[in-house]
>>> print(open('work31.txt').read())   # compact mmCIF, C-alpha atoms
# COMPACT_ATOMS: atom_id res chain seq x y z
CA MET A 15 -31.03 31.97 11.47
CA ILE A 16 -30.34 33.30 14.92
CA GLN A 17 -30.09 37.03 15.54
CA GLY A 18 -26.55 37.96 16.63
CA GLY A 19 -25.18 41.17 18.13
CA PHE A 20 -25.67 44.43 16.21
CA GLY A 21 -28.58 42.94 14.25
CA THR A 22 -26.49 40.45 12.27
CA ALA A 23 -27.79 36.99 11.45
CA VAL A 24 -25.74 34.06 12.73
CA ALA A 25 -26.17 30.54 11.35
CA PRO A 26 -26.56 27.86 14.03
CA ILE A 27 -23.55 25.60 14.49
CA GLU A 28 -24.17 22.14 13.09
CA VAL A 29 -23.21 19.40 15.53
CA VAL A 30 -21.80 16.41 13.68
CA PRO A 31 -22.21 13.13 15.58
CA MET A 32 -18.96 11.24 16.15
CA ARG A 33 -18.75 7.81 14.55
CA TYR A 34 -15.62 5.74 15.12
CA CYS A 35 -13.77 2.96 13.39
CA LEU A 36 -11.95 0.75 15.87
CA TYR A 37 -8.61 -0.17 14.26
CA ALA A 38 -6.43 -2.90 15.78
CA ARG A 39 -3.11 -3.80 14.20
CA LYS A 40 -0.19 -6.04 14.99
CA SER A 41 3.15 -5.48 13.33
CA THR A 42 3.76 -8.96 12.00
CA GLU A 43 1.89 -11.18 9.59
CA SER A 44 3.15 -14.26 11.44
CA GLU A 45 0.36 -16.05 13.32
CA GLU A 46 2.50 -17.35 16.17
CA MET A 47 3.91 -13.95 17.08
CA GLN A 48 1.74 -11.45 18.96
CA VAL A 49 -1.18 -13.90 18.99
CA LEU A 50 -3.12 -12.01 21.67
CA SER A 51 -2.13 -8.55 20.52
CA ILE A 52 -5.07 -7.72 18.26
CA GLU A 53 -7.78 -9.21 20.44
CA SER A 54 -6.42 -7.55 23.58
CA GLN A 55 -6.40 -4.19 21.76
CA VAL A 56 -10.01 -4.74 20.66
CA LYS A 57 -11.12 -5.75 24.15
CA GLU A 58 -9.53 -2.72 25.83
CA MET A 59 -10.80 -0.24 23.25
CA LEU A 60 -14.35 -1.66 23.33
CA ALA A 61 -14.31 -1.19 27.10
CA LEU A 62 -13.13 2.42 26.65
CA ALA A 63 -15.84 3.06 24.05
CA GLU A 64 -18.51 1.70 26.37
CA LYS A 65 -17.23 3.77 29.29
CA GLU A 66 -17.13 6.98 27.23
CA LYS A 67 -20.27 6.16 25.23
CA LEU A 68 -18.51 6.27 21.84
CA GLU A 69 -20.33 4.99 18.77
CA ILE A 70 -18.27 2.39 16.90
CA VAL A 71 -19.62 1.80 13.39
CA ASP A 72 -16.86 -0.50 12.18
CA LEU A 73 -14.12 -2.70 13.61
CA LYS A 74 -11.06 -3.41 11.49
CA ARG A 75 -8.15 -5.75 12.23
CA GLU A 76 -4.86 -5.87 10.36
CA SER A 77 -1.70 -7.96 10.61
CA HIS A 78 0.73 -5.89 8.62
CA SER A 79 3.82 -3.79 9.23
CA ALA A 80 3.29 -0.02 9.07
CA LYS A 81 6.86 0.89 8.19
CA GLU A 82 6.13 1.38 4.45
CA ALA A 83 3.61 3.98 3.26
CA GLY A 84 0.52 2.73 1.47
CA ALA A 85 1.32 -0.96 2.06
CA ARG A 86 -1.57 -1.77 4.42
CA PRO A 87 -4.82 -2.67 2.63
CA VAL A 88 -7.07 -2.30 5.69
CA PHE A 89 -5.55 1.08 6.60
CA ASN A 90 -6.04 2.26 3.00
CA GLU A 91 -9.67 1.13 3.23
CA ILE A 92 -10.12 3.18 6.42
CA VAL A 93 -8.73 6.31 4.71
CA GLU A 94 -11.16 5.87 1.80
CA GLU A 95 -14.11 5.28 4.14
CA ILE A 96 -13.28 8.46 6.08
CA LYS A 97 -13.28 10.36 2.78
CA VAL A 98 -16.82 9.19 1.99
CA GLY A 99 -18.07 9.96 5.51
CA LYS A 100 -18.62 6.45 6.86
CA TYR A 101 -16.98 7.59 10.11
CA ASN A 102 -15.10 10.64 11.34
CA GLY A 103 -13.05 9.19 14.16
CA ILE A 104 -10.49 6.45 14.75
CA LEU A 105 -10.27 4.48 17.97
CA THR A 106 -6.97 2.59 18.33
CA TRP A 107 -4.72 1.29 21.10
CA ALA A 108 -1.81 3.72 20.47
CA ALA A 109 -0.70 6.30 17.92
CA ASP A 110 1.91 3.91 16.52
CA ARG A 111 -0.88 1.52 15.49
CA ILE A 112 -1.94 4.14 12.92
CA SER A 113 1.45 4.89 11.43
CA ARG A 114 5.17 4.28 11.63
CA ASN A 115 5.91 6.17 8.41
CA ALA A 116 5.61 9.75 7.22
CA GLY A 117 3.39 8.97 4.21
CA ASP A 118 0.51 7.36 6.10
CA LEU A 119 0.82 9.84 8.95
CA GLY A 120 0.59 12.68 6.42
CA ARG A 121 -2.60 11.17 4.96
CA ILE A 122 -4.18 11.08 8.43
CA VAL A 123 -3.22 14.69 9.23
CA ASP A 124 -4.50 15.79 5.79
CA LEU A 125 -7.87 14.19 6.60
CA MET A 126 -7.91 16.17 9.85
CA ASP A 127 -7.00 19.39 8.01
CA GLN A 128 -9.88 18.77 5.57
CA GLY A 129 -12.29 18.36 8.50
CA LEU A 130 -13.11 14.76 7.51
CA LEU A 131 -11.32 13.15 10.47
CA LYS A 132 -12.36 14.90 13.67
CA ASP A 133 -10.90 12.74 16.41
CA ILE A 134 -8.38 9.99 17.08
CA ARG A 135 -8.64 8.26 20.44
CA THR A 136 -6.05 5.96 21.92
CA TYR A 137 -6.09 4.24 25.28
CA GLY A 138 -4.46 7.20 27.02
CA GLN A 139 -4.72 10.13 24.62
CA ARG A 140 -6.97 12.08 22.30
CA PHE A 141 -5.95 13.87 19.12
CA GLY A 142 -8.31 16.43 17.65
CA ASN A 143 -8.05 18.83 14.75
CA ASN A 144 -6.01 21.49 16.47
CA PRO A 145 -2.36 22.43 15.97
CA ASN A 146 -1.01 21.11 19.30
CA GLU A 147 -2.72 17.72 19.14
CA LYS A 148 -1.80 17.15 15.48
CA PHE A 149 1.78 18.12 16.30
CA LEU A 150 1.88 15.61 19.16
CA LEU A 151 0.41 12.91 16.89
CA MET A 152 3.13 13.63 14.33
CA ILE A 153 5.84 13.49 17.00
CA LEU A 154 4.58 10.11 18.22
CA GLY A 155 4.44 8.77 14.66
CA SER A 156 7.95 10.08 13.99
CA GLN A 157 9.21 8.49 17.19
CA ALA A 158 7.79 5.13 16.07
CA LYS A 159 9.61 5.54 12.72
CA LEU A 160 12.85 6.35 14.53
CA GLU A 161 12.50 3.19 16.66
CA ASN A 162 11.96 1.09 13.52
CA ASP A 163 14.97 2.60 11.77
CA ASN A 164 17.20 2.15 14.83
CA LYS A 165 16.07 -1.47 15.26
CA ARG A 166 17.30 -2.29 11.74
CA ILE A 167 20.70 -0.69 12.43
CA ASN A 168 21.09 -2.41 15.81
CA VAL A 169 20.23 -5.86 14.43
CA LYS A 170 22.79 -5.46 11.63
CA ARG A 171 25.43 -4.38 14.16
CA GLY A 172 24.66 -7.38 16.39
CA LEU A 173 24.87 -9.85 13.51
CA LYS A 174 28.16 -8.34 12.36
CA ALA A 175 29.57 -8.60 15.91
CA ARG A 176 28.59 -12.30 16.07
CA CYS A 177 30.39 -12.95 12.76
CA GLU A 178 33.51 -11.13 13.99
CA MET A 179 33.50 -13.39 17.08
CA GLY A 180 33.43 -16.45 14.81
CA LEU A 181 29.82 -17.27 15.66
CA PHE A 182 27.11 -18.09 13.17
CA PRO A 183 24.87 -14.99 12.78
CA GLY A 184 21.65 -16.99 13.14
CA MET A 185 20.63 -20.52 13.97
CA ALA A 186 23.44 -23.00 13.43
CA PRO A 187 23.07 -25.20 10.33
CA CYS A 188 21.61 -28.66 10.79
CA GLY A 189 24.12 -30.92 12.54
CA TYR A 190 25.85 -28.12 14.47
CA LEU A 191 25.23 -26.93 18.02
CA ASN A 192 23.92 -23.46 18.72
>>> encode(input="work31.txt", output="structure tokens")
Amino acid sequence: MIQGGFGTAVAPIEVVPMRYCLYARKSTESEEMQVLSIESQVKEMLALAEKEKLEIVDLKRESHSAKEAGARPVFNEIVEEIKVGKYNGILTWAADRISRNAGDLGRIVDLMDQGLLKDIRTYGQRFGNNPNEKFLLMILGSQAKLENDNKRINVKRGLKARCEMGLFPGMAPCGYLN
């Protein structure tokens, strides 16, 4: 114990070392789409970790959409490993790599509120366990959800417009010209 002002004892502050999981995700399970996406995320984030001397204890890759809560096995594994203390930080390319839905985003913020997740680092930002940074993280996650929802509406509108023009809404059937 350290002696504080007015003769009171003050416990020393315990410094918890930061340990990160590098999480790289692409939105599609298709191999031919976004082929370089995951590896370029990993390369950039490893360079950032080396520059800032961040300890990475695990590297996880996932090819799965984040639009539905709880549907990503690797993400779910990360949440469980944070709960048991394997690491207390996430290193990822952008906030939308973590979540594009309210359920998963809520799980991440809950981990921060519980003090289990201390830091999220992206290429250009840092989110710690304070009200402003958690609020910004939630805004960015909500913006990603909005973009997903709008994309669905816009694609449907475009396909409907093609049909109204007498065009086939996708690739022409075999034997017809596109």
>>> residues_around(input="work31.txt", residues="Glu53 of chain A", least_positions_apart="6", cutoff="10 Å", atoms="only C-alpha atoms", output="compact mmCIF listing (two decimals) with C-alpha atoms, in the frame of the given file")
# COMPACT_ATOMS: atom_id res chain seq x y z
CA ALA A 38 -6.43 -2.90 15.78
CA ARG A 39 -3.11 -3.80 14.20
CA LYS A 40 -0.19 -6.04 14.99
CA MET A 59 -10.80 -0.24 23.25
CA ARG A 75 -8.15 -5.75 12.23
>>> closest_residue(input="work31.txt", among="A:Ala158, A:Ile96, A:Leu105, A:Ala83", to="Gln128 of chain A", atoms="all atoms listed in the file")
A:Ile96
>>> residues_around(input="work31.txt", residues="Arg140 of chain A", least_positions_apart="4", cutoff="12 Å", atoms="all atoms listed in the file", output="PDB file with C-alpha atoms, in the coordinates of the input")
ATOM      1  CA  GLY A 103     -13.050   9.190  14.160  1.00  0.00           C
ATOM      2  CA  ILE A 104     -10.490   6.450  14.750  1.00  0.00           C
ATOM      3  CA  LEU A 105     -10.270   4.480  17.970  1.00  0.00           C
ATOM      4  CA  THR A 106      -6.970   2.590  18.330  1.00  0.00           C
ATOM      5  CA  TRP A 107      -4.720   1.290  21.100  1.00  0.00           C
ATOM      6  CA  ALA A 108      -1.810   3.720  20.470  1.00  0.00           C
ATOM      7  CA  ALA A 109      -0.700   6.300  17.920  1.00  0.00           C
ATOM      8  CA  LYS A 132     -12.360  14.900  13.670  1.00  0.00           C
ATOM      9  CA  ASP A 133     -10.900  12.740  16.410  1.00  0.00           C
ATOM     10  CA  ILE A 134      -8.380   9.990  17.080  1.00  0.00           C
ATOM     11  CA  ARG A 135      -8.640   8.260  20.440  1.00  0.00           C
ATOM     12  CA  THR A 136      -6.050   5.960  21.920  1.00  0.00           C
ATOM     13  CA  ASN A 144      -6.010  21.490  16.470  1.00  0.00           C
ATOM     14  CA  ASN A 146      -1.010  21.110  19.300  1.00  0.00           C
ATOM     15  CA  GLU A 147      -2.720  17.720  19.140  1.00  0.00           C
ATOM     16  CA  LYS A 148      -1.800  17.150  15.480  1.00  0.00           C
ATOM     17  CA  LEU A 150       1.880  15.610  19.160  1.00  0.00           C
ATOM     18  CA  LEU A 151       0.410  12.910  16.890  1.00  0.00           C
TER      19      LEU A 151
END
>>> residues_around(input="work31.txt", residues="Leu62 of chain A", least_positions_apart="4", cutoff="10 Å", atoms="all atoms listed in the file", output="list in words")
Val56, Lys57, Glu58, Glu66, Lys67, Leu68, Leu105, Arg135, Thr136, Tyr137 and Gly138 of chain A
>>> closest_residue(input="work31.txt", among="A:Ile70, A:Ile27, A:Val98, A:Ile112", to="Lys159 of chain A", atoms="all atoms listed in the file")
A:Ile112
>>> atom_distance(input="work31.txt", atom1="atom CA of Arg114 of chain A", atom2="atom CA of Leu173 of chain A")
24.3 Å
>>> atom_distance(input="work31.txt", atom1="atom CA of Gly155 of chain A", atom2="atom CA of Asn90 of chain A")
17.0 Å
>>> closest_residue(input="work31.txt", among="A:Lys100, A:Glu94, A:Lys165, A:Met179", to="Arg121 of chain A", atoms="only C-alpha atoms")
A:Glu94
>>> atom_distance(input="work31.txt", atom1="atom CA of Cys35 of chain A", atom2="atom CA of Val71 of chain A")
6.0 Å
>>> closest_residue(input="work31.txt", among="A:Lys97, A:Lys74, A:Lys81, A:Arg33", to="Asp124 of chain A", atoms="all atoms listed in the file")
A:Lys97
>>> residues_around(input="work31.txt", residues="Thr42 of chain A", least_positions_apart="3", cutoff="6 Å", atoms="only C-alpha atoms", output="ChimeraX atom specification")
/A:77-79
>>> decode(input="work31.txt", residues="segment 54-67 of chain A", atoms="C-alpha atoms", output="PDB file, in the first residue's frame")
ATOM      1  CA  SER A  54      -3.570  -7.101 -47.440  1.00  0.00           C
ATOM      2  CA  GLN A  55      -5.386  -6.358 -44.162  1.00  0.00           C
ATOM      3  CA  VAL A  56      -3.020  -8.695 -42.294  1.00  0.00           C
ATOM      4  CA  LYS A  57       0.070  -7.174 -43.918  1.00  0.00           C
ATOM      5  CA  GLU A  58      -0.947  -3.584 -43.108  1.00  0.00           C
ATOM      6  CA  MET A  59      -1.960  -4.359 -39.532  1.00  0.00           C
ATOM      7  CA  LEU A  60       1.220  -6.354 -38.827  1.00  0.00           C
ATOM      8  CA  ALA A  61       3.210  -3.338 -40.025  1.00  0.00           C
ATOM      9  CA  LEU A  62       1.185  -1.072 -37.703  1.00  0.00           C
ATOM     10  CA  ALA A  63       1.718  -3.467 -34.783  1.00  0.00           C
ATOM     11  CA  GLU A  64       5.460  -3.519 -35.398  1.00  0.00           C
ATOM     12  CA  LYS A  65       5.616   0.268 -35.658  1.00  0.00           C
ATOM     13  CA  GLU A  66       3.633   0.782 -32.438  1.00  0.00           C
ATOM     14  CA  LYS A  67       5.184  -2.215 -30.651  1.00  0.00           C
TER      15      LYS A  67
END
